[in-house]
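Asks: Dropping in target.cif, which is mmCIF, C-alpha atoms:
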```
data_data
#
loop_
_atom_site.label_atom_id
_atom_site.label_comp_id
_atom_site.auth_asym_id
_atom_site.auth_seq_id
_atom_site.Cartn_x
_atom_site.Cartn_y
_atom_site.Cartn_z
CA MET A 105 19.58 1.48 19.74
CA PHE A 106 16.44 2.18 17.79
CA SER A 107 16.02 5.60 16.33
CA ASN A 108 12.54 6.63 15.37
CA ILE A 109 13.17 8.71 12.31
CA CYS A 110 11.14 9.47 9.26
CA LYS A 111 13.44 10.38 6.45
CA HIS A 112 12.05 11.23 3.10
CA SER A 113 14.81 9.61 1.12
CA TRP A 114 16.20 6.86 3.23
CA PHE A 115 16.43 4.23 0.58
CA VAL A 116 16.86 6.18 -2.59
CA CYS A 117 20.38 6.98 -3.68
CA ARG A 118 20.99 10.57 -2.71
CA ASN A 119 22.11 11.99 -5.94
CA ASN A 120 20.42 14.93 -7.53
CA LYS A 121 23.07 15.81 -10.04
CA ASN A 122 21.30 14.03 -12.86
CA ILE A 123 17.90 15.49 -12.11
CA ASP A 124 16.67 17.54 -15.02
CA PRO A 125 14.84 20.69 -13.81
CA THR A 126 12.74 20.92 -16.98
CA ILE A 127 11.36 17.41 -16.43
CA VAL A 128 10.53 18.32 -12.84
CA GLU A 129 8.80 21.48 -14.00
CA ASN A 130 6.76 19.69 -16.65
CA LEU A 131 5.82 16.87 -14.28
CA SER A 132 4.73 19.43 -11.73
CA LYS A 133 2.57 21.17 -14.32
CA MET A 134 1.11 17.83 -15.42
CA LEU A 135 0.20 16.82 -11.88
CA TYR A 136 -1.46 20.15 -11.12
CA GLU A 137 -3.56 19.72 -14.23
CA ASN A 138 -4.53 16.09 -13.77
CA ASN A 139 -3.94 14.79 -10.29
CA THR A 140 -6.89 15.08 -7.94
CA HIS A 141 -4.76 15.20 -4.82
CA ALA A 142 -2.47 17.89 -6.21
CA LYS A 143 -5.60 19.92 -6.94
CA CYS A 144 -6.72 19.44 -3.33
CA PHE A 145 -3.44 20.69 -1.98
CA ARG A 146 -3.57 23.65 -4.35
CA MET A 147 -7.04 24.43 -3.04
CA ALA A 148 -5.67 24.39 0.50
CA ARG A 149 -2.82 26.63 -0.58
CA GLU A 150 -5.13 29.20 -2.11
CA ARG A 151 -7.14 29.30 1.06
CA LEU A 152 -4.05 29.65 3.25
CA ASN A 153 -2.64 32.44 1.11
CA SER A 154 -5.86 34.37 0.77
CA ASP A 155 -6.40 37.63 2.61
CA ILE A 156 -9.30 36.35 4.64
CA TYR A 157 -7.74 34.79 7.68
CA VAL A 158 -9.44 31.61 8.79
CA PRO A 159 -8.36 30.45 12.23
CA ASP A 160 -7.66 26.79 12.85
CA LEU A 161 -7.84 25.59 9.28
CA LYS A 162 -7.54 21.86 8.72
CA LEU A 163 -7.52 19.60 5.69
CA ARG A 164 -9.45 16.38 5.97
CA LEU A 165 -8.45 13.58 3.60
CA ILE A 166 -11.51 11.41 3.23
CA SER A 167 -11.12 7.67 3.08
CA ASP A 168 -14.65 6.53 2.35
CA ARG A 169 -16.01 6.58 -1.18
CA LYS A 170 -19.68 6.49 -1.94
CA THR A 171 -19.23 5.14 -5.47
CA ASP A 172 -19.05 1.50 -6.50
CA GLY A 173 -15.41 0.47 -6.43
CA ARG A 174 -15.90 -2.05 -9.21
CA ILE A 175 -16.77 0.63 -11.76
CA TYR A 176 -15.34 3.94 -10.65
CA ASN A 177 -11.83 4.74 -9.52
CA LEU A 178 -11.38 8.35 -10.56
CA PRO A 179 -12.49 10.43 -7.58
CA THR A 180 -13.29 14.12 -7.74
CA VAL A 181 -11.73 16.79 -5.56
CA SER A 182 -14.76 17.06 -3.29
CA GLU A 183 -14.68 13.30 -2.73
CA VAL A 184 -11.12 13.07 -1.51
CA ALA A 185 -10.63 16.15 0.64
CA ALA A 186 -12.43 18.86 2.56
CA LEU A 187 -11.23 22.02 4.22
CA ILE A 188 -12.48 22.41 7.75
CA ALA A 189 -12.36 25.43 9.99
CA GLY A 190 -12.69 24.78 13.68
CA ASP A 191 -14.18 21.59 15.01
CA ILE A 192 -14.05 18.34 13.17
CA GLY A 193 -17.45 16.89 12.61
CA ASP A 194 -18.13 13.25 12.10
CA ALA A 195 -14.78 12.10 10.81
CA GLU A 196 -14.19 8.43 10.18
CA GLU A 197 -11.40 6.63 11.91
CA LYS A 198 -9.37 6.23 8.74
CA ASP A 199 -9.70 9.86 7.66
CA ILE A 200 -6.62 11.97 8.06
CA ILE A 201 -6.90 15.43 9.57
CA ILE A 202 -3.96 17.64 8.72
CA GLN A 203 -3.28 20.69 10.84
CA ALA A 204 -2.13 23.88 9.20
CA GLN A 205 1.13 23.98 11.08
CA GLY A 206 2.84 21.97 13.77
CA GLY A 207 1.68 18.75 15.27
CA GLN A 208 3.00 15.26 14.94
CA LEU A 209 3.47 13.22 11.82
CA GLN A 210 0.41 11.11 11.28
CA ARG A 211 0.28 7.55 10.18
CA ILE A 212 -1.69 6.66 7.07
CA ASP A 213 -3.88 3.60 7.29
CA GLU A 214 -2.97 0.94 4.71
CA PHE A 215 -6.59 0.69 3.68
CA HIS A 216 -7.07 4.39 3.05
CA ALA A 217 -8.47 4.53 -0.48
CA SER A 218 -5.77 6.91 -1.70
CA TYR A 219 -2.84 5.24 0.05
CA LEU A 220 -1.08 4.20 -3.14
CA ALA A 221 -1.97 7.34 -5.03
CA TYR A 222 -0.32 9.47 -2.34
CA GLU A 223 2.87 7.48 -2.48
CA TYR A 224 3.07 6.95 -6.25
CA PRO A 225 1.84 10.06 -8.04
CA LEU A 226 3.71 9.00 -11.18
CA LEU A 227 2.15 5.55 -11.29
CA PHE A 228 -1.34 6.93 -10.65
CA PRO A 229 -1.14 10.32 -12.37
CA TYR A 230 -4.84 11.04 -12.02
CA GLY A 231 -4.97 10.13 -8.34
CA GLU A 232 -6.81 6.89 -8.96
CA ASP A 233 -8.21 5.08 -5.97
CA GLY A 234 -6.26 2.16 -4.67
CA TYR A 235 -7.51 -0.82 -2.76
CA ARG A 236 -10.30 -0.29 -0.31
CA PRO A 237 -11.99 -2.90 1.82
CA ASP A 238 -15.55 -2.27 0.63
CA ILE A 239 -15.32 -3.60 -2.92
CA ALA A 240 -17.42 -6.66 -3.66
CA HIS A 241 -16.87 -9.42 -6.18
CA ARG A 242 -18.65 -9.40 -9.50
CA GLU A 243 -22.30 -10.32 -9.35
CA THR A 244 -22.95 -13.88 -10.27
CA GLU A 245 -26.70 -13.51 -10.64
CA GLU A 246 -28.20 -10.90 -12.88
CA GLY A 247 -30.28 -8.15 -11.38
CA ASP A 248 -28.84 -8.66 -7.96
CA ASP A 249 -27.90 -5.06 -7.30
CA VAL A 250 -28.05 -4.87 -3.55
CA VAL A 251 -24.83 -6.22 -2.20
CA ASN A 252 -24.15 -7.04 1.38
CA ILE A 253 -20.42 -6.96 1.58
CA ASN A 254 -19.28 -9.70 3.89
CA LYS A 255 -16.12 -11.68 4.20
CA HIS A 256 -17.19 -14.14 1.52
CA ASN A 257 -17.73 -11.71 -1.33
CA ARG A 258 -15.28 -9.02 -0.31
CA LEU A 259 -12.30 -8.32 -2.51
CA THR A 260 -9.03 -9.02 -0.72
CA ILE A 261 -5.86 -7.04 -1.18
CA ARG A 262 -4.19 -10.04 -2.76
CA GLU A 263 -6.84 -10.25 -5.45
CA TRP A 264 -6.65 -6.53 -6.04
CA LEU A 265 -2.89 -6.60 -6.55
CA ALA A 266 -3.02 -9.69 -8.74
CA TYR A 267 -5.59 -8.04 -10.98
CA ARG A 268 -3.64 -4.79 -11.22
CA ILE A 269 -0.24 -6.15 -12.15
CA HIS A 270 -1.41 -8.16 -15.13
CA MET A 271 -0.88 -6.88 -18.62
CA ARG A 272 -3.95 -6.19 -20.71
CA LEU A 273 -3.97 -5.06 -24.31
CA PHE A 274 -6.69 -2.47 -23.78
CA GLU A 275 -5.31 -1.05 -20.56
CA ALA A 276 -2.64 1.60 -20.10
CA LYS A 277 0.76 0.14 -19.33
CA THR A 278 1.84 2.88 -16.95
CA LEU A 279 2.56 0.44 -14.15
CA LEU A 280 4.48 -2.12 -16.16
CA SER A 281 6.65 0.42 -17.96
CA SER A 282 7.81 2.16 -14.82
CA ARG A 283 10.75 -0.16 -14.20
CA ARG A 284 12.21 0.31 -10.72
CA LEU A 285 9.23 2.24 -9.49
CA PHE A 286 7.10 -0.78 -10.37
CA GLN A 287 9.38 -2.98 -8.30
CA GLU A 288 9.07 -0.59 -5.39
CA TYR A 289 5.32 -0.69 -5.83
CA LEU A 290 5.34 -4.48 -5.69
CA VAL A 291 7.29 -4.50 -2.45
CA ASP A 292 4.88 -1.97 -1.03
CA GLY A 293 1.96 -4.09 -2.14
CA PHE A 294 3.40 -7.03 -0.31
CA THR A 295 3.69 -4.89 2.82
CA MET A 296 0.00 -4.11 2.49
CA LEU A 297 -0.75 -7.80 2.18
CA GLU A 298 1.14 -8.53 5.36
CA ALA A 299 -0.64 -5.67 7.10
CA GLU A 300 -3.95 -7.31 6.25
CA ASN A 301 -2.71 -10.53 7.83
CA LEU A 302 -1.78 -8.61 10.95
CA VAL A 303 -5.32 -7.26 11.17
CA GLY A 304 -6.51 -10.86 11.08
CA LEU A 305 -4.21 -11.68 13.95
CA GLU A 306 -5.55 -8.72 15.91
CA GLU A 307 -9.01 -10.20 15.58
CA ILE A 308 -7.81 -13.51 16.97
CA LYS A 309 -6.22 -11.60 19.80
CA LYS A 310 -9.47 -9.83 20.53
CA SER A 311 -11.33 -13.11 20.60
CA LEU A 312 -8.75 -14.39 23.03
CA GLU A 313 -9.73 -11.70 25.45
CA PHE A 314 -12.93 -13.54 26.24
CA ARG A 315 -13.27 -14.39 29.89
CA ASN A 316 -14.78 -17.72 29.01
CA THR A 317 -12.08 -20.33 29.21
CA ARG A 318 -14.05 -22.83 27.20
CA ILE A 319 -14.22 -20.55 24.17
CA LEU A 320 -10.55 -19.86 24.56
CA ILE A 321 -9.73 -23.54 24.54
CA MET A 322 -11.97 -24.12 21.53
CA LYS A 323 -10.32 -21.31 19.59
CA VAL A 324 -6.82 -22.43 20.38
CA SER A 325 -7.47 -26.07 19.64
CA ARG A 326 -9.04 -25.14 16.32
CA ILE A 327 -5.99 -23.18 15.32
CA MET A 328 -3.83 -26.00 16.59
CA PHE A 329 -5.52 -28.76 14.62
CA ARG A 330 -5.79 -26.69 11.50
CA ASP A 331 -2.09 -26.12 11.57
CA GLN A 332 -1.37 -29.73 12.25
CA LEU A 333 -3.37 -30.70 9.21
CA LYS A 334 -1.53 -28.29 6.99
CA GLU A 335 1.81 -29.36 8.47
CA LYS A 336 2.85 -25.88 9.29
CA TYR A 337 2.31 -23.63 12.21
CA LEU A 338 1.61 -19.96 12.38
CA PHE A 339 4.12 -17.61 13.78
CA TYR A 340 2.60 -15.15 16.20
CA PRO A 341 4.78 -12.09 16.50
CA LEU A 342 5.33 -11.29 20.14
CA PRO A 343 5.63 -7.49 19.94
CA MET A 344 2.10 -7.32 18.57
CA LEU A 345 0.57 -8.06 21.93
CA GLU A 346 0.83 -5.85 24.95
CA VAL A 347 2.70 -6.95 28.00
CA THR A 348 -0.53 -7.65 29.86
CA ASP A 349 -1.46 -10.15 27.18
CA LEU A 350 1.89 -11.77 27.28
CA TRP A 351 0.76 -14.80 29.21
CA ILE A 352 -2.01 -15.54 26.74
CA ASN A 353 0.41 -15.22 23.88
CA PHE A 354 2.86 -17.37 25.69
CA THR A 355 0.42 -20.17 26.28
CA LEU A 356 -0.82 -19.95 22.70
CA THR A 357 2.69 -20.25 21.35
CA GLY A 358 3.30 -23.10 23.78
CA TRP A 359 0.27 -24.92 22.48
CA LEU A 360 1.30 -24.44 18.93
CA TYR A 361 4.71 -25.85 19.67
CA ALA A 362 3.03 -28.70 21.49
CA ALA A 363 0.96 -29.38 18.42
CA LYS A 364 4.09 -29.45 16.35
CA LEU A 365 6.18 -31.57 18.64
CA GLY A 366 3.58 -33.91 20.01
CA PHE A 367 1.09 -34.02 22.81
CA PRO A 368 3.16 -34.86 25.91
CA MET A 369 3.75 -31.13 26.41
CA PHE A 370 0.03 -30.59 26.40
CA SER A 371 -0.52 -30.53 30.11
CA LEU A 372 1.95 -27.78 30.86
CA PRO A 373 0.36 -24.89 28.90
CA LEU A 374 -3.08 -25.87 30.12
CA HIS A 375 -1.78 -25.57 33.62
CA VAL A 376 -0.50 -22.10 32.82
CA ILE A 377 -3.84 -21.02 31.43
CA LEU A 378 -5.70 -22.21 34.49
CA ASN A 379 -3.26 -20.41 36.74
CA GLY A 380 -3.46 -17.29 34.68
CA GLN A 381 -7.21 -17.12 34.95
CA LYS A 382 -7.10 -17.89 38.64
CA LEU A 383 -9.73 -20.59 38.45
CA MET I 757 32.72 -30.21 -19.87
CA SER I 758 31.84 -26.66 -20.35
CA TYR I 759 28.62 -24.98 -19.46
CA VAL I 760 26.96 -23.40 -22.43
CA ALA I 761 24.62 -20.59 -21.54
CA SER I 762 21.38 -20.91 -23.43
CA PHE I 763 17.85 -19.72 -23.08
CA VAL I 764 14.40 -21.03 -23.74
CA ASP I 765 12.08 -18.85 -25.73
CA PHE I 766 8.49 -19.04 -24.58
CA GLY I 767 7.32 -16.53 -27.14
CA ASP I 768 4.87 -13.79 -26.33
CA PRO I 769 1.93 -14.12 -23.95
CA LEU I 770 -0.61 -14.78 -26.66
CA HIS I 771 -3.50 -16.16 -24.65
CA GLU I 772 -6.03 -13.90 -23.02
CA CYS I 773 -8.14 -14.52 -19.98
CA GLY I 774 -11.72 -14.86 -21.14
CA TYR I 775 -13.03 -12.78 -18.26
CA CYS I 776 -10.70 -9.84 -17.81
CA GLY I 777 -8.45 -9.89 -20.86
CA ALA I 778 -5.14 -10.36 -19.08
CA CYS I 779 -2.36 -11.75 -21.28
CA PHE I 780 -0.93 -15.15 -20.39
CA TRP I 781 1.53 -17.70 -21.60
CA TYR I 782 0.06 -21.07 -22.45
CA ASN I 783 1.76 -22.86 -19.57
CA GLU I 784 0.07 -20.65 -17.01
CA LEU I 785 -3.29 -22.25 -17.68
CA LEU I 786 -5.39 -24.18 -15.21
CA VAL I 787 -4.64 -27.86 -15.34
CA LYS I 788 -8.30 -28.76 -15.83
CA SER I 789 -8.51 -26.90 -19.11
CA LYS I 790 -5.38 -28.44 -20.56
CA HIS I 791 -6.92 -30.11 -23.57
CA SER I 792 -9.76 -27.71 -24.25
CA GLN I 793 -9.99 -25.17 -27.02
CA ASN I 794 -10.14 -22.21 -24.66
CA PRO I 795 -7.54 -22.47 -21.94
CA LYS I 796 -8.65 -20.90 -18.68
CA PHE I 797 -6.59 -18.86 -16.24
CA SER I 798 -7.21 -17.89 -12.67
CA LEU I 799 -4.14 -15.90 -11.68
CA CYS I 800 -5.67 -12.59 -12.69
CA CYS I 801 -9.31 -12.45 -11.66
CA ARG I 802 -10.23 -15.82 -10.08
CA LYS I 803 -12.32 -16.83 -13.08
CA GLY I 804 -14.17 -13.55 -13.37
CA LYS I 805 -14.83 -12.94 -9.69
CA VAL I 806 -12.77 -9.78 -9.54
CA GLN I 807 -14.08 -6.78 -11.39
CA LEU I 808 -12.18 -3.51 -11.33
CA PRO I 809 -12.06 -0.44 -13.57
CA THR I 810 -9.18 -0.22 -16.03
CA LEU I 811 -6.47 2.34 -15.55
CA PRO I 812 -6.74 5.32 -17.92
CA GLU I 813 -3.97 6.31 -20.33
CA PRO I 814 -1.36 8.54 -18.67
CA PRO I 815 -1.26 12.26 -19.55
CA GLU I 816 0.61 13.32 -22.66
CA PHE I 817 3.88 14.31 -21.02
CA LEU I 818 4.16 11.14 -18.91
CA ARG I 819 3.33 9.00 -21.92
CA HIS I 820 6.13 10.71 -23.79
CA LEU I 821 8.57 9.93 -20.98
CA LEU I 822 7.47 6.34 -20.48
CA PHE I 823 7.08 5.01 -24.00
CA TYR I 824 9.60 6.86 -26.19
CA TYR I 825 12.80 5.34 -24.92
CA GLU I 826 15.13 6.95 -27.43
CA THR I 827 14.79 10.53 -26.31
CA PRO I 828 17.39 11.74 -23.78
CA GLU I 829 14.80 13.02 -21.31
CA SER I 830 13.09 9.64 -21.32
CA LYS I 831 16.38 7.88 -20.60
CA ASN I 832 17.07 10.30 -17.77
CA PHE I 833 13.56 9.87 -16.39
CA LEU I 834 13.43 6.08 -16.50
CA GLY I 835 16.88 5.77 -14.96
CA GLN I 836 15.88 7.86 -11.95
CA ILE I 837 12.16 7.27 -11.85
CA ARG I 838 12.17 6.55 -8.13
CA THR I 839 13.84 9.84 -7.32
CA TYR I 840 11.36 11.70 -9.49
CA ASN I 841 8.46 9.92 -7.83
CA MET I 842 9.81 10.72 -4.40
CA MET I 843 9.89 14.42 -5.21
CA PHE I 844 6.18 14.40 -5.87
CA ALA I 845 5.01 11.96 -3.20
CA PHE I 846 2.50 13.34 -0.72
CA ILE I 847 3.56 11.07 2.11
CA SER I 848 6.81 9.84 3.47
CA PRO I 849 7.94 6.36 4.51
CA GLY I 850 8.99 5.72 8.06
CA ALA I 851 9.95 2.91 10.40
CA LYS I 852 11.95 2.26 13.52
CA PHE I 853 15.49 1.92 12.31
CA ASP I 854 18.04 -0.21 14.03
CA SER I 855 21.36 1.46 13.31
CA SER I 856 23.52 -0.84 15.40
CA PHE I 857 24.34 -3.03 12.41
CA ASP I 858 25.23 -0.15 10.15
CA ASP I 859 28.85 0.16 11.27
CA GLY I 860 30.57 0.40 7.92
CA LYS I 861 31.52 -3.25 7.63
CA GLY I 862 30.14 -5.34 4.83
CA PRO I 863 27.34 -4.32 2.54
CA PRO I 864 24.95 -1.57 3.66
CA THR I 865 22.30 -2.94 5.98
CA VAL I 866 18.84 -1.62 6.65
CA ARG I 867 17.24 -3.24 9.65
CA ILE I 868 13.91 -2.11 11.02
CA GLN I 869 11.80 -3.09 13.97
CA GLY I 870 8.03 -3.27 13.95
CA GLN I 871 5.77 -2.30 11.10
CA PHE I 872 6.69 -0.17 8.17
CA CYS I 873 4.30 2.72 7.58
CA TYR I 874 3.72 5.96 5.72
CA ARG I 875 3.19 9.26 7.42
CA ILE I 876 2.04 12.74 6.57
CA GLY I 877 2.87 16.01 8.27
CA SER I 878 1.14 19.37 8.56
CA LEU I 879 0.18 21.65 5.71
CA LEU I 880 3.02 24.09 6.38
CA PRO I 881 6.53 23.24 7.60
CA LYS I 882 7.75 24.30 11.01
CA ASP I 883 9.39 27.72 11.11
CA GLY I 884 12.85 27.65 9.61
CA GLU I 885 12.59 24.13 8.20
CA PRO I 886 12.50 23.28 4.52
CA PRO I 887 9.20 22.00 3.12
CA ARG I 888 8.87 18.28 2.63
CA PHE I 889 6.62 15.92 0.66
CA GLY I 890 3.01 17.18 0.80
CA GLN I 891 4.13 20.60 1.99
CA LEU I 892 5.91 21.14 -1.32
CA TYR I 893 2.53 21.52 -2.96
CA ILE I 894 1.63 24.37 -0.63
CA TYR I 895 4.66 26.21 0.68
CA ASP I 896 6.65 28.77 -1.32
CA THR I 897 5.32 27.88 -4.73
CA GLU I 898 7.48 30.41 -6.53
CA ASN I 899 10.57 28.32 -5.83
CA GLU I 900 8.71 25.04 -6.00
CA ILE I 901 10.95 23.34 -8.55
CA GLN I 902 14.09 24.34 -6.65
CA ASN I 903 12.60 23.10 -3.38
CA ARG I 904 11.70 19.77 -4.89
CA ILE I 905 15.19 19.19 -6.21
CA GLN I 906 16.77 20.34 -2.93
CA GLY I 907 14.57 17.91 -1.05
CA VAL I 908 16.32 14.86 -2.48
CA ARG I 909 19.80 15.91 -1.59
#
```
As structure tokens, what does this structure read like?
Replies:
Amino acid sequence: MFSNICKHSWFVCRNNKNIDPTIVENLSKMLYENNTHAKCFRMARERLNSDIYVPDLKLRLISDRKTDGRIYNLPTVSEVAALIAGDIGDAEEKDIIIQAQGGQLQRIDEFHASYLAYEYPLLFPYGEDGYRPDIAHRETEEGDDVVNINKHNRLTIREWLAYRIHMRLFEAKTLLSSRRLFQEYLVDGFTMLEAENLVGLEEIKKSLEFRNTRILIMKVSRIMFRDQLKEKYLFYPLPMLEVTDLWINFTLTGWLYAAKLGFPMFSLPLHVILNGQKL
Amino acid sequence: MSYVASFVDFGDPLHECGYCGACFWYNELLVKSKHSQNPKFSLCCRKGKVQLPTLPEPPEFLRHLLFYYETPESKNFLGQIRTYNMMFAFISPGAKFDSSFDDGKGPPTVRIQGQFCYRIGSLLPKDGEPPRFGQLYIYDTENEIQNRIQGVR
């Protein structure tokens, strides 16, 4: 029933009659001149086509940036990619290692710094950095240069998107003038936002893996009461958790429903938890 | 009774956020600053908390396509901007598609399962296959323009 396919053009109308080859040619020239990522790929091409044969050549797309994300967003070629021959050294988890030929399609992490620049070369013609999780808020006190980025002063993806899509008189209006591409970008941004929420849920799931039942009960009741106060309850997507965790998820959902419907159902999920842990 | 279509003109967004310079309409202001001289806004940068670099002006050719609507190439470009972007994208969207609903009845349906993601392949295409997305920057650069246009078909 489900087909795992990766089509390049699955939601764009397949019509290339109106495509103007001269525009394509000029855009291509423009990107090779300006776009950092296009330059990287050209560098890889030159190396692949050169006479000196290098076995096992790989391209590493680097996710971490050393610069301050509040001030700089135009990376250089050496910052975004590196050609590697042979073994991969200390690559970060988010970095993408591309083989020369063959191999599977690789997934790009939503929080890779160039995620949006890879997908929208016409919105970010210079290969500007997108959102990355290590940007702090503006300093409130002067002279406070050393920043410990924690969850209180970290920029969230929602804030990043909200800042980006506003019109400013002194800023280029590339994004806002791009019509349908801008709409596509907004939908994609929302997907990123949801992905960040999913990461949050993963953390809750990890904390649920504690053996200590007391902590488990505390966590669940906190979620439960918080939701009761806000008069809404979270929806925990089932497929996120593995089958082995199914009982935990089940009891959690049961508790949340109990919180919504009233406490008489309370005893049943508790019973399930105690049975599950074989106390 | 007949319904008369009308519209309300809010004018241009004349107010600027004091922290980041984003343009706003008056009614978007924070309620607390309703009667003050300088209305405050928090939709853009949470009262100055968010600080990000501005986007640079696009290169000459792209600026020509985006901002001079009258020219025929600009009309062509803006009408199909998503197709043009797709030709140059380095990565490709993918998801688990559920095709059981796509049986020709009713409007076209796209139904996916799980999380939507982007993927990237190898530097060179497999033998005998046409180059796609990022590979277009590397493979067979003499016919690059042709390959890009063929890729959307």
Asks: Can you work out the spacing between atom CA of Glu129 of chain A and atom CA of Leu152 of chain A in Å, to one decimal?
Replies: 23.0 Å
Asks: Any chance you could resolve the PyMOL selection byres ((chain A and resi 147) around 12) against this file and give the residues as a list in words?
Replies: Tyr136, Thr140, His141, Ala142, Lys143, Cys144, Phe145, Arg146, Ala148, Arg149, Glu150, Arg151, Leu152, Asn153, Ser154, Leu163, Val181, Ser182, Ala185, Ala186 and Leu187 of chain A; Leu879, Tyr893 and Ile894 of chain I
Asks: At a cut-off of 12 Å, using only C-alpha atoms, what residues contact Phe766 of chain I? Leave out same-chain residues fewer than 4 positions from it and give the result as a list in words.
Replies: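 Near Phe766 of chain I, the qualifying residues are Leu770, Phe780, Trp781, Tyr782, Asn783 and Glu784 of chain I.
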Asks: Could you tell me, as JSON, numbers by chain, exactly which residues end up selected when the PyMOL selection byres ((chain I and resi 847) around 12) is applied to this structure?
Replies: {"A": [110, 111, 112, 113, 141, 200, 202, 209, 210, 211, 212, 213, 218, 219, 220, 221, 222, 223, 224, 225], "I": [841, 842, 843, 844, 845, 846, 848, 849, 850, 873, 874, 875, 876, 877, 878, 879, 888, 889, 890, 891, 892, 893]}
Asks: Give me a file of those residues, with C-alpha atoms, as a CSV table (one decimal), keeping the file's coordinate frame.
Replies:
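Result written to out_17.csv:
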```
chain,number,residue,atom,x,y,z
A,110,CYS,CA,11.1,9.5,9.3
A,111,LYS,CA,13.4,10.4,6.4
A,112,HIS,CA,12.0,11.2,3.1
A,113,SER,CA,14.8,9.6,1.1
A,141,HIS,CA,-4.8,15.2,-4.8
A,200,ILE,CA,-6.6,12.0,8.1
A,202,ILE,CA,-4.0,17.6,8.7
A,209,LEU,CA,3.5,13.2,11.8
A,210,GLN,CA,0.4,11.1,11.3
A,211,ARG,CA,0.3,7.6,10.2
A,212,ILE,CA,-1.7,6.7,7.1
A,213,ASP,CA,-3.9,3.6,7.3
A,218,SER,CA,-5.8,6.9,-1.7
A,219,TYR,CA,-2.8,5.2,0.0
A,220,LEU,CA,-1.1,4.2,-3.1
A,221,ALA,CA,-2.0,7.3,-5.0
A,222,TYR,CA,-0.3,9.5,-2.3
A,223,GLU,CA,2.9,7.5,-2.5
A,224,TYR,CA,3.1,7.0,-6.2
A,225,PRO,CA,1.8,10.1,-8.0
I,841,ASN,CA,8.5,9.9,-7.8
I,842,MET,CA,9.8,10.7,-4.4
I,843,MET,CA,9.9,14.4,-5.2
I,844,PHE,CA,6.2,14.4,-5.9
I,845,ALA,CA,5.0,12.0,-3.2
I,846,PHE,CA,2.5,13.3,-0.7
I,848,SER,CA,6.8,9.8,3.5
I,849,PRO,CA,7.9,6.4,4.5
I,850,GLY,CA,9.0,5.7,8.1
I,873,CYS,CA,4.3,2.7,7.6
I,874,TYR,CA,3.7,6.0,5.7
I,875,ARG,CA,3.2,9.3,7.4
I,876,ILE,CA,2.0,12.7,6.6
I,877,GLY,CA,2.9,16.0,8.3
I,878,SER,CA,1.1,19.4,8.6
I,879,LEU,CA,0.2,21.6,5.7
I,888,ARG,CA,8.9,18.3,2.6
I,889,PHE,CA,6.6,15.9,0.7
I,890,GLY,CA,3.0,17.2,0.8
I,891,GLN,CA,4.1,20.6,2.0
I,892,LEU,CA,5.9,21.1,-1.3
I,893,TYR,CA,2.5,21.5,-3.0
```
Asks: In terms of the shortest atom-to-atom distance over only C-alpha atoms, which of A:Glu306, A:Ala240, A:Phe294, A:Ala204 is closest to chain I?
Replies: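 Selected residue with least distance to chain I: A:Ala204.
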Asks: Record the distance separating atom CA of Leu226 of chain A and atom CA of Glu900 of chain I, expressed in Å with one decimal.
Replies: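 Atom-to-atom, atom CA of Leu226 of chain A and atom CA of Glu900 of chain I are spaced 17.6 Å apart.
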Asks: What's the separation between atom CA of Pro159 of chain A and atom CA of Pro887 of chain I, in Å to one decimal place?
Replies: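 If I compute the distance from atom CA of Pro159 of chain A to atom CA of Pro887 of chain I, I get 21.5 Å.
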